[in-house]
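Engineer: File data-v9.cif below, mmCIF, C-alpha atoms:
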data_data
#
loop_
_atom_site.label_atom_id
_atom_site.label_comp_id
_atom_site.auth_asym_id
_atom_site.auth_seq_id
_atom_site.Cartn_x
_atom_site.Cartn_y
_atom_site.Cartn_z
CA MET A 24 27.63 -10.49 -4.80
CA ASN A 25 28.77 -11.61 -1.37
CA PRO A 26 26.70 -14.18 0.57
CA ARG A 27 25.59 -11.68 3.20
CA MET A 28 24.26 -9.28 0.56
CA LYS A 29 22.54 -12.19 -1.17
CA ASN A 30 20.76 -13.12 2.06
CA VAL A 31 19.65 -9.53 2.65
CA ARG A 32 18.41 -9.27 -0.95
CA LYS A 33 16.59 -12.60 -0.64
CA THR A 34 14.86 -11.54 2.59
CA VAL A 35 13.84 -8.16 1.16
CA ASP A 36 12.51 -9.90 -1.96
CA LYS A 37 10.38 -12.23 0.13
CA ILE A 38 8.96 -9.33 2.13
CA LEU A 39 8.23 -7.36 -1.06
CA ASN A 40 6.62 -10.41 -2.67
CA VAL A 41 4.34 -10.98 0.31
CA CYS A 42 3.36 -7.31 0.54
CA ILE A 43 2.60 -7.03 -3.18
CA LEU A 44 0.67 -10.31 -3.13
CA VAL A 45 -1.39 -9.26 -0.10
CA LEU A 46 -2.17 -5.88 -1.70
CA PHE A 47 -3.18 -7.56 -4.96
CA ILE A 48 -5.41 -10.16 -3.29
CA ALA A 49 -7.03 -7.48 -1.13
CA MET A 50 -7.63 -5.19 -4.12
CA PHE A 51 -8.97 -8.02 -6.27
CA GLY A 52 -11.16 -9.38 -3.47
CA VAL A 53 -12.71 -6.05 -2.50
CA THR A 54 -13.24 -5.03 -6.13
CA THR A 55 -14.90 -8.36 -6.93
CA LEU A 56 -17.05 -8.15 -3.82
CA ASN A 57 -18.03 -4.60 -4.76
CA VAL A 58 -19.13 -5.70 -8.24
CA ILE A 59 -21.25 -8.46 -6.71
CA MET A 60 -22.71 -6.12 -4.12
CA ARG A 61 -23.44 -3.44 -6.73
CA TYR A 62 -25.01 -5.57 -9.47
CA VAL A 63 -26.55 -8.42 -7.48
CA PHE A 64 -27.67 -6.70 -4.29
CA ASN A 65 -27.80 -3.10 -5.56
CA SER A 66 -25.80 -2.00 -2.51
CA PRO A 67 -22.16 -1.16 -3.39
CA LEU A 68 -19.43 -1.00 -0.76
CA SER A 69 -18.77 2.62 0.12
CA PHE A 70 -15.03 2.17 0.62
CA ALA A 71 -14.23 -0.07 -2.37
CA VAL A 72 -13.04 2.57 -4.84
CA GLU A 73 -10.81 4.29 -2.30
CA PHE A 74 -9.47 0.96 -1.07
CA GLY A 75 -8.72 -0.15 -4.64
CA ARG A 76 -6.94 3.11 -5.40
CA TYR A 77 -4.71 2.87 -2.33
CA THR A 78 -3.85 -0.80 -2.74
CA PHE A 79 -3.05 -0.25 -6.41
CA ALA A 80 -0.76 2.68 -5.56
CA GLY A 81 1.00 0.52 -2.98
CA MET A 82 1.55 -2.24 -5.53
CA VAL A 83 2.94 0.26 -8.03
CA TYR A 84 5.46 1.76 -5.62
CA LEU A 85 6.61 -1.60 -4.28
CA GLY A 86 6.72 -3.13 -7.76
CA SER A 87 8.77 -0.22 -9.05
CA ILE A 88 11.61 -1.42 -6.82
CA TYR A 89 11.73 -4.66 -8.85
CA VAL A 90 11.57 -2.76 -12.12
CA MET A 91 14.43 -0.51 -11.01
CA ARG A 92 16.55 -3.56 -10.18
CA ASP A 93 16.00 -4.95 -13.67
CA ASP A 94 16.69 -1.54 -15.22
CA GLY A 95 13.23 -1.72 -16.76
CA HIS A 96 11.91 1.81 -16.30
CA ILE A 97 11.22 3.89 -19.40
CA GLY A 98 14.30 5.27 -21.09
CA LEU A 99 15.62 6.35 -24.47
CA ASP A 100 17.48 3.12 -25.13
CA ILE A 101 17.38 3.53 -28.89
CA VAL A 102 19.25 6.84 -28.64
CA VAL A 103 21.73 5.70 -25.99
CA ASP A 104 22.46 2.40 -27.77
CA ALA A 105 23.30 4.30 -30.97
CA LEU A 106 26.14 6.11 -29.20
CA PRO A 107 29.74 4.86 -29.31
CA GLN A 108 30.59 2.60 -26.33
CA PRO A 109 32.69 5.11 -24.31
CA LEU A 110 30.05 7.84 -24.66
CA ARG A 111 27.25 5.34 -23.96
CA THR A 112 28.87 4.41 -20.64
CA ILE A 113 29.20 8.08 -19.65
CA VAL A 114 25.59 8.86 -20.59
CA LYS A 115 24.28 5.83 -18.68
CA LYS A 116 26.28 6.73 -15.55
CA PHE A 117 25.18 10.37 -15.77
CA SER A 118 21.54 9.34 -16.17
CA ARG A 119 21.84 7.09 -13.10
CA VAL A 120 23.18 10.05 -11.10
CA LEU A 121 20.24 12.18 -12.28
CA VAL A 122 17.78 9.44 -11.32
CA LEU A 123 19.42 9.18 -7.89
CA ALA A 124 19.09 12.94 -7.43
CA TYR A 125 15.41 12.78 -8.41
CA LEU A 126 14.75 9.85 -6.08
CA ALA A 127 16.50 11.64 -3.20
CA VAL A 128 14.24 14.68 -3.69
CA PHE A 129 11.19 12.43 -4.11
CA PHE A 130 12.07 10.59 -0.89
CA CYS A 131 12.50 13.84 1.05
CA MET A 132 9.27 15.35 -0.28
CA SER A 133 7.23 12.19 0.26
CA THR A 134 8.61 11.90 3.79
CA ARG A 135 7.50 15.49 4.34
CA MET A 136 4.04 14.60 3.01
CA VAL A 137 3.81 11.70 5.47
CA MET A 138 4.76 13.95 8.38
CA GLU A 139 2.41 16.79 7.39
CA ASN A 140 -0.62 14.62 6.72
CA TRP A 141 -0.74 12.51 9.86
CA THR A 142 -3.94 14.18 11.03
CA ASN A 143 -5.62 14.28 7.60
CA ARG A 144 -8.00 11.39 7.02
CA SER A 145 -9.13 9.75 3.80
CA SER A 146 -12.70 10.58 2.84
CA THR A 147 -14.32 7.15 3.04
CA MET A 148 -12.10 4.82 5.03
CA HIS A 149 -10.89 7.53 7.44
CA LEU A 150 -7.30 6.27 7.27
CA PRO A 151 -4.53 8.71 8.15
CA MET A 152 -3.25 9.87 4.76
CA SER A 153 0.26 9.34 6.10
CA VAL A 154 -0.34 5.59 5.90
CA VAL A 155 -1.31 5.97 2.24
CA TYR A 156 1.65 8.22 1.44
CA LEU A 157 4.07 5.85 3.17
CA ALA A 158 4.13 3.73 -0.01
CA MET A 159 5.90 6.62 -1.76
CA VAL A 160 8.57 6.76 0.94
CA ILE A 161 9.19 3.01 0.83
CA GLY A 162 9.14 2.90 -2.97
CA SER A 163 11.49 5.84 -3.44
CA ALA A 164 13.92 4.50 -0.82
CA GLY A 165 13.91 1.06 -2.43
CA MET A 166 14.37 2.47 -5.92
CA PHE A 167 17.20 4.70 -4.67
CA ILE A 168 19.01 1.71 -3.19
CA GLU A 169 18.54 -0.35 -6.36
CA GLU A 170 19.69 2.50 -8.60
CA LEU A 171 22.73 3.09 -6.40
CA LEU A 172 23.62 -0.60 -6.59
CA LEU A 173 23.29 -0.47 -10.39
CA LEU A 174 25.52 2.62 -10.52
CA LEU A 175 28.13 0.86 -8.40
CA GLY A 176 27.88 -2.27 -10.55
CA LYS A 177 26.57 -4.39 -7.68
CA GLY A 178 22.89 -4.52 -8.53
CA GLY A 179 20.55 -6.06 -11.02
CA SER A 180 18.74 -9.34 -10.79
CA GLU A 181 21.19 -10.96 -13.22
CA LYS A 182 23.73 -10.99 -10.38
CA LEU A 183 21.53 -13.38 -8.38
CA ASP A 184 21.00 -17.05 -8.91
CA ALA A 185 17.60 -17.89 -10.38
CA GLY A 186 16.47 -19.57 -7.15
CA ASP A 187 17.44 -16.56 -5.03
CA MET A 188 14.74 -14.17 -6.25
CA GLY A 189 12.44 -15.00 -3.36
CA GLY A 190 9.44 -15.92 -5.45
CA GLY A 191 8.26 -15.22 -8.93
CA MET A 192 7.87 -11.46 -8.97
#
What do you get writing this file as structure tokens?
Structural biologist:
Amino acid sequence: MNPRMKNVRKTVDKILNVCILVLFIAMFGVTTLNVIMRYVFNSPLSFAVEFGRYTFAGMVYLGSIYVMRDDGHIGLDIVVDALPQPLRTIVKKFSRVLVLAYLAVFFCMSTRMVMENWTNRSSTMHLPMSVVYLAMVIGSAGMFIEELLLLLGKGGSEKLDAGDMGGGM
């Protein structure tokens, strides 16, 4: 991997790490506070469940970018690994193309959801639902890029030095 690409990857990793960490701390903090408010003061926070749901979804979509880079999403490895090497390579490349096609459709449809739901508000927090759905757009775009890099043989975290991962995620 060339030095410029390494720097871009490192910067993106740091941004992803910070975003995921902030979402996790916020989710954990609000959920903990809600438990205290509910069981100690008998007055739960009205927005806590919705907030937890949205922060968790954000963590999932951002974290899926890391999983895609490490080729860690669910697959039928036992079947593919049983194939002869030439056929295994063809099947893996074909499956990557299918995943890219799915992610392209997912990106387009989630972008459409963001655009169509700008005026819709969440029930408790009154956030524009577009803000919530934006995690799908970012996640699908990031996964698409990672999958494309894997298909081209330029991706995967094994191509980076251990200190270049931008944190511990």
Engineer: Go through A:Thr147, A:Tyr84, A:Val45, A:His96 and flag the residue nearest Leu68 in chain A, using all atoms listed in the file for the distances.
Structural biologist: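 With all atoms listed in the file as the atom set, the closest residue is A:Thr147.
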Engineer: With only C-alpha atoms as the atoms that count, which of A:Ala71, A:Val63, A:Leu85, A:Cys131 lies nearest to Ile38 in chain A?
Structural biologist: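 Among the listed residues, the smallest separation from Ile38 in chain A belongs to A:Leu85.
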Engineer: List the spatial neighbours of Met91 in chain A as a list in words - criterion: any atom at most 8 Å away, all atoms listed in the file, same-chain residues fewer than 6 positions off excluded.
Structural biologist: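 The neighbour list is Met166, Glu169 and Glu170 of chain A.
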Engineer: Carefully work through the PyMOL selection byres ((chain A and resi 136-143) around 7) for this structure and note down the residues it includes, as a count of residues only.
Structural biologist: 11
Engineer: Could you put an axis-aligned box around every listed atom of range 110-121 of chain A, padded by 6 Å on each side, and send me its centre and edge lengths in Å to one decimal, as JSON?
Structural biologist:
{"center_x": 25.1, "center_y": 8.3, "center_z": -17.9, "size_x": 21.8, "size_y": 19.8, "size_z": 25.6}
Engineer: Do you know which residues are at most 12 Å from Gly95 in chain A counting all atoms listed in the file, after dropping those on the same chain fewer than 2 positions away, and could you put them as a PyMOL selection string?
Structural biologist: chain A and resi 86-93+97-100+166+169-170+173+179-180
Engineer: Between CA of Met82 in chain A and CA of Phe47 in chain A, what is the spacing in Å?
Structural biologist: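 Separation between CA of Phe47 in chain A and CA of Met82 in chain A: 7.1 Å.
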Engineer: Could you tell me how far CA of Ile43 in chain A sits from CA of Gly162 in chain A, in Å to one decimal place?
Structural biologist: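 Computing it gives 11.9 Å between the two atoms.
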Engineer: Go through A:Phe51, A:Tyr125, A:Phe130, A:Phe117 and flag the residue nearest Gly75 in chain A, using all atoms listed in the file for the distances.
Structural biologist: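 Checking each of A:Phe51, A:Tyr125, A:Phe130, A:Phe117 against Gly75 in chain A, counting all atoms listed in the file, the winner is A:Phe51.
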Engineer: Rounded to one decimal place, report the CA of Arg76 in chain A-CA of Met148 in chain A distance in Å.
Structural biologist: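 CA of Met148 in chain A lies at a distance of 11.8 Å from CA of Arg76 in chain A.
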Engineer: Looking at A:Val102, A:Gly176, A:Leu150, A:Val122, which one is nearest to Ser163 in chain A, with distances taken over all atoms listed in the file?
Structural biologist: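 Closest residue, counting all atoms listed in the file: A:Val122.
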Engineer: I need the residue set behind the PyMOL selection byres ((chain A and resi 50) around 12) for this file; please write it as a PyMOL selection string.
Structural biologist: chain A and resi 43-49+51-57+70-82
Engineer: I need the residue nearest Leu126 in chain A from this list: A:Val83, A:Val31, A:Cys42, A:Val160. Use all atoms listed in the file for the distance.
Structural biologist: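 When distances to Leu126 in chain A are compared using all atoms listed in the file, the smallest one comes from A:Val160.
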Engineer: Using the block above, I'd like range 45-175 of chain A written out, keeping C-alpha atoms and formatting it as a short mmCIF file (atom, residue, chain, number, x, y, z; two decimals), in the first residue's frame.
Structural biologist:
data_model
loop_
_atom_site.label_atom_id
_atom_site.label_comp_id
_atom_site.auth_asym_id
_atom_site.auth_seq_id
_atom_site.Cartn_x
_atom_site.Cartn_y
_atom_site.Cartn_z
CA VAL A 45 -18.42 8.63 21.26
CA LEU A 46 -21.53 6.66 20.26
CA PHE A 47 -20.66 3.87 22.71
CA ILE A 48 -19.96 6.22 25.62
CA ALA A 49 -23.16 8.16 24.92
CA MET A 50 -25.24 4.97 24.69
CA PHE A 51 -23.68 3.50 27.83
CA GLY A 52 -24.00 6.77 29.76
CA VAL A 53 -27.63 7.43 28.87
CA THR A 54 -28.63 3.80 29.45
CA THR A 55 -26.91 3.77 32.85
CA LEU A 56 -28.48 7.09 33.78
CA ASN A 57 -31.87 5.77 32.71
CA VAL A 58 -31.51 2.70 34.94
CA ILE A 59 -30.62 4.93 37.88
CA MET A 60 -33.46 7.31 37.15
CA ARG A 61 -35.95 4.46 36.73
CA TYR A 62 -35.07 2.34 39.76
CA VAL A 63 -33.77 4.94 42.21
CA PHE A 64 -35.93 7.96 41.44
CA ASN A 65 -38.85 6.18 39.74
CA SER A 66 -38.67 8.70 36.89
CA PRO A 67 -37.14 7.19 33.70
CA LEU A 68 -35.75 9.33 30.92
CA SER A 69 -38.30 9.54 28.12
CA PHE A 70 -35.73 9.56 25.32
CA ALA A 71 -33.34 6.87 26.60
CA VAL A 72 -34.66 3.87 24.66
CA GLU A 73 -34.81 5.76 21.37
CA PHE A 74 -31.38 7.28 21.97
CA GLY A 75 -29.91 3.85 22.76
CA ARG A 76 -31.45 2.35 19.64
CA TYR A 77 -30.05 5.07 17.37
CA THR A 78 -26.57 5.11 18.89
CA PHE A 79 -26.40 1.31 18.70
CA ALA A 80 -27.43 1.36 15.03
CA GLY A 81 -24.74 3.96 14.35
CA MET A 82 -22.10 1.81 16.03
CA VAL A 83 -23.19 -1.22 14.01
CA TYR A 84 -22.98 0.54 10.65
CA LEU A 85 -19.65 2.20 11.40
CA GLY A 86 -18.23 -0.98 12.92
CA SER A 87 -19.30 -2.99 9.88
CA ILE A 88 -16.73 -1.04 7.87
CA TYR A 89 -13.97 -2.55 10.06
CA VAL A 90 -15.48 -6.00 9.77
CA MET A 91 -15.63 -5.69 5.98
CA ARG A 92 -11.95 -4.72 5.89
CA ASP A 93 -11.02 -7.83 7.85
CA ASP A 94 -13.30 -9.97 5.66
CA GLY A 95 -15.15 -10.94 8.83
CA HIS A 96 -18.79 -10.84 7.75
CA ILE A 97 -20.76 -14.09 7.73
CA GLY A 98 -19.96 -16.40 4.86
CA LEU A 99 -19.92 -20.06 3.89
CA ASP A 100 -16.20 -20.49 4.42
CA ILE A 101 -16.45 -24.21 5.05
CA VAL A 102 -18.00 -24.74 1.61
CA VAL A 103 -15.71 -22.34 -0.24
CA ASP A 104 -12.56 -23.68 1.45
CA ALA A 105 -13.47 -27.21 0.35
CA LEU A 106 -13.30 -26.18 -3.31
CA PRO A 107 -10.15 -26.61 -5.41
CA GLN A 108 -7.94 -23.49 -5.40
CA PRO A 109 -8.79 -22.20 -8.93
CA LEU A 110 -12.53 -22.58 -8.34
CA ARG A 111 -12.22 -21.10 -4.82
CA THR A 112 -10.63 -17.95 -6.27
CA ILE A 113 -13.42 -17.59 -8.84
CA VAL A 114 -16.15 -18.10 -6.24
CA LYS A 115 -14.57 -15.58 -3.86
CA LYS A 116 -14.22 -12.95 -6.61
CA PHE A 117 -17.79 -13.57 -7.79
CA SER A 118 -19.12 -13.27 -4.23
CA ARG A 119 -17.25 -9.97 -3.82
CA VAL A 120 -18.90 -8.66 -6.99
CA LEU A 121 -22.32 -9.71 -5.65
CA VAL A 122 -21.61 -8.00 -2.33
CA LEU A 123 -20.56 -4.85 -4.19
CA ALA A 124 -23.79 -4.92 -6.18
CA TYR A 125 -25.82 -5.32 -2.98
CA LEU A 126 -23.94 -2.50 -1.26
CA ALA A 127 -24.45 -0.21 -4.27
CA VAL A 128 -28.22 -0.83 -4.13
CA PHE A 129 -28.20 -0.45 -0.34
CA PHE A 130 -26.32 2.85 -0.64
CA CYS A 131 -28.76 4.18 -3.26
CA MET A 132 -31.84 3.13 -1.30
CA SER A 133 -30.54 4.43 2.03
CA THR A 134 -29.61 7.73 0.36
CA ARG A 135 -33.17 7.88 -0.94
CA MET A 136 -34.47 7.22 2.59
CA VAL A 137 -32.37 10.09 3.92
CA MET A 138 -33.72 12.46 1.28
CA GLU A 139 -37.36 11.40 1.70
CA ASN A 140 -37.39 11.52 5.49
CA TRP A 141 -35.89 14.93 6.14
CA THR A 142 -39.18 16.28 7.48
CA ASN A 143 -40.12 13.16 9.46
CA ARG A 144 -39.20 13.37 13.12
CA SER A 145 -38.43 10.65 15.64
CA SER A 146 -41.18 10.10 18.17
CA THR A 147 -39.40 11.06 21.39
CA MET A 148 -36.28 13.03 20.56
CA HIS A 149 -37.83 14.80 17.54
CA LEU A 150 -34.68 14.30 15.47
CA PRO A 151 -35.02 14.38 11.69
CA MET A 152 -35.07 10.71 10.71
CA SER A 153 -32.60 11.59 7.96
CA VAL A 154 -29.95 12.06 10.64
CA VAL A 155 -30.68 8.57 11.95
CA TYR A 156 -30.70 7.01 8.47
CA LEU A 157 -27.42 8.71 7.57
CA ALA A 158 -25.57 5.92 9.41
CA MET A 159 -26.77 3.50 6.71
CA VAL A 160 -25.40 5.74 3.95
CA ILE A 161 -22.01 6.11 5.64
CA GLY A 162 -21.82 2.42 6.54
CA SER A 163 -22.76 1.17 3.08
CA ALA A 164 -20.34 3.58 1.38
CA GLY A 165 -17.52 2.54 3.71
CA MET A 166 -18.25 -1.16 3.26
CA PHE A 167 -18.41 -0.68 -0.53
CA ILE A 168 -14.98 0.95 -0.54
CA GLU A 169 -13.49 -1.76 1.68
CA GLU A 170 -15.00 -4.56 -0.41
CA LEU A 171 -13.76 -2.94 -3.62
CA LEU A 172 -10.26 -2.69 -2.16
CA LEU A 173 -10.42 -6.37 -1.18
CA LEU A 174 -11.57 -7.29 -4.69
CA LEU A 175 -8.68 -5.34 -6.18
#
